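One structure is given here, and the rest of the page talks about it.
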Amino acid sequence: MEEHSNDPLHGKKLVDIIEELVLYYGGFEGLGEQINIRCFTHDPSLNSSLKFLRRTPWAREKVENLYLTIIKKQKK
């Protein structure tokens, strides 16, 4: 019997979260307006953002919280 997690981030890869946020906000510029992190506002790329977020817990938390907010809005 499989257990299902109630955590919406369970099984979600960081790369998928960033790609969805970039798509939702119309690019890195829009995402940078939501979360003012240098990896989104100055010469952004998916790879550089992933590197930064993987070694910076406070920034990753902001990204995950924004993603959760979007998920909640889409369910309404």
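Chain labels follow the order of the structure tokens: the first chain is A, the next B, and so on; residue numbering restarts at 1 in every chain, and ligands are counted from 1 in their shown order.
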
Nearby residues (only C-alpha atoms) at most 12 Å from Thr41 in chain A, same-chain spacing under 4 positions excluded, as a compact mmCIF listing (two decimals) with N, CA, C and O atoms, in the first residue's frame:
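Saved result, around-v8.txt, follows:
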# COMPACT_ATOMS: atom_id res chain seq x y z
N GLY A 27 8.37 34.98 -17.46
CA GLY A 27 9.82 35.09 -17.60
C GLY A 27 10.50 35.40 -16.28
O GLY A 27 9.84 35.62 -15.25
N PHE A 28 11.82 35.44 -16.38
CA PHE A 28 12.60 35.73 -15.16
C PHE A 28 12.37 37.16 -14.67
O PHE A 28 12.44 37.42 -13.48
N GLU A 29 12.07 38.07 -15.58
CA GLU A 29 11.84 39.46 -15.17
C GLU A 29 10.63 39.54 -14.24
O GLU A 29 10.67 40.18 -13.19
N GLY A 30 9.56 38.88 -14.63
CA GLY A 30 8.36 38.85 -13.79
C GLY A 30 8.58 38.14 -12.48
O GLY A 30 8.10 38.56 -11.43
N LEU A 31 9.33 37.04 -12.52
CA LEU A 31 9.65 36.32 -11.29
C LEU A 31 10.52 37.17 -10.38
O LEU A 31 10.33 37.21 -9.17
N GLY A 32 11.46 37.91 -10.98
CA GLY A 32 12.33 38.80 -10.21
C GLY A 32 11.57 39.93 -9.53
O GLY A 32 11.98 40.44 -8.49
N GLU A 33 10.42 40.32 -10.11
CA GLU A 33 9.58 41.34 -9.48
C GLU A 33 8.88 40.77 -8.24
O GLU A 33 8.60 41.50 -7.30
N GLN A 34 8.60 39.47 -8.27
CA GLN A 34 7.94 38.83 -7.13
C GLN A 34 8.92 38.51 -6.01
O GLN A 34 8.60 38.66 -4.84
N ILE A 35 10.09 38.02 -6.40
CA ILE A 35 11.14 37.66 -5.44
C ILE A 35 12.41 38.37 -5.90
O ILE A 35 13.00 37.99 -6.90
N ASN A 36 12.79 39.39 -5.17
CA ASN A 36 13.95 40.19 -5.56
C ASN A 36 15.25 39.50 -5.13
O ASN A 36 15.85 39.84 -4.13
N ILE A 37 15.60 38.48 -5.90
CA ILE A 37 16.83 37.73 -5.67
C ILE A 37 17.70 37.92 -6.91
O ILE A 37 17.20 37.81 -8.03
N SER A 45 19.44 32.74 -15.49
CA SER A 45 19.33 31.51 -16.28
C SER A 45 18.84 30.42 -15.34
O SER A 45 18.96 30.53 -14.12
N SER A 48 21.97 28.87 -13.38
CA SER A 48 22.52 29.71 -12.31
C SER A 48 21.54 29.82 -11.15
O SER A 48 21.95 29.83 -9.99
N SER A 49 20.26 29.88 -11.46
CA SER A 49 19.26 29.95 -10.40
C SER A 49 19.25 28.67 -9.57
O SER A 49 19.17 28.71 -8.35

Contacts of Leu9 in chain A at 9 Å or less, counting only C-alpha atoms, minus same-chain residues fewer than 2 places along, as a PDB file with C-alpha atoms, in the first residue's frame?
ATOM      1  CA  ASN A   6      -0.150  15.931   1.899  1.00  0.00           C
ATOM      2  CA  ASP A   7       2.864  18.096   1.122  1.00  0.00           C
ATOM      3  CA  GLY A  11       8.164  14.739  -5.329  1.00  0.00           C
ATOM      4  CA  LYS A  12       8.529  18.160  -6.978  1.00  0.00           C
ATOM      5  CA  LYS A  13      11.967  18.941  -8.334  1.00  0.00           C
ATOM      6  CA  ILE A  17       9.179  24.648  -9.608  1.00  0.00           C
ATOM      7  CA  GLU A  64       8.868  27.352  -2.494  1.00  0.00           C
ATOM      8  CA  TYR A  67       5.047  28.312  -5.590  1.00  0.00           C
ATOM      9  CA  LEU A  68       2.695  27.155  -2.822  1.00  0.00           C
TER      10      LEU A  68
END

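Pairwise distance (CA of Trp58 in chain A, CA of Leu46 in chain A) equals 18.1 Å.
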
For this session: Write out as a PyMOL selection string all residues of chain A that backbone DSSP assigns to alpha helix (DSSP H).
Result: chain A and resi 14-24+28-34+38-41+46-54+57-75

Problem set entry | Surrounding residues of Lys51 in chain A excluding itself and chain neighbours under 3 positions, 12 Å, only C-alpha atoms, as a count of residues only | 15
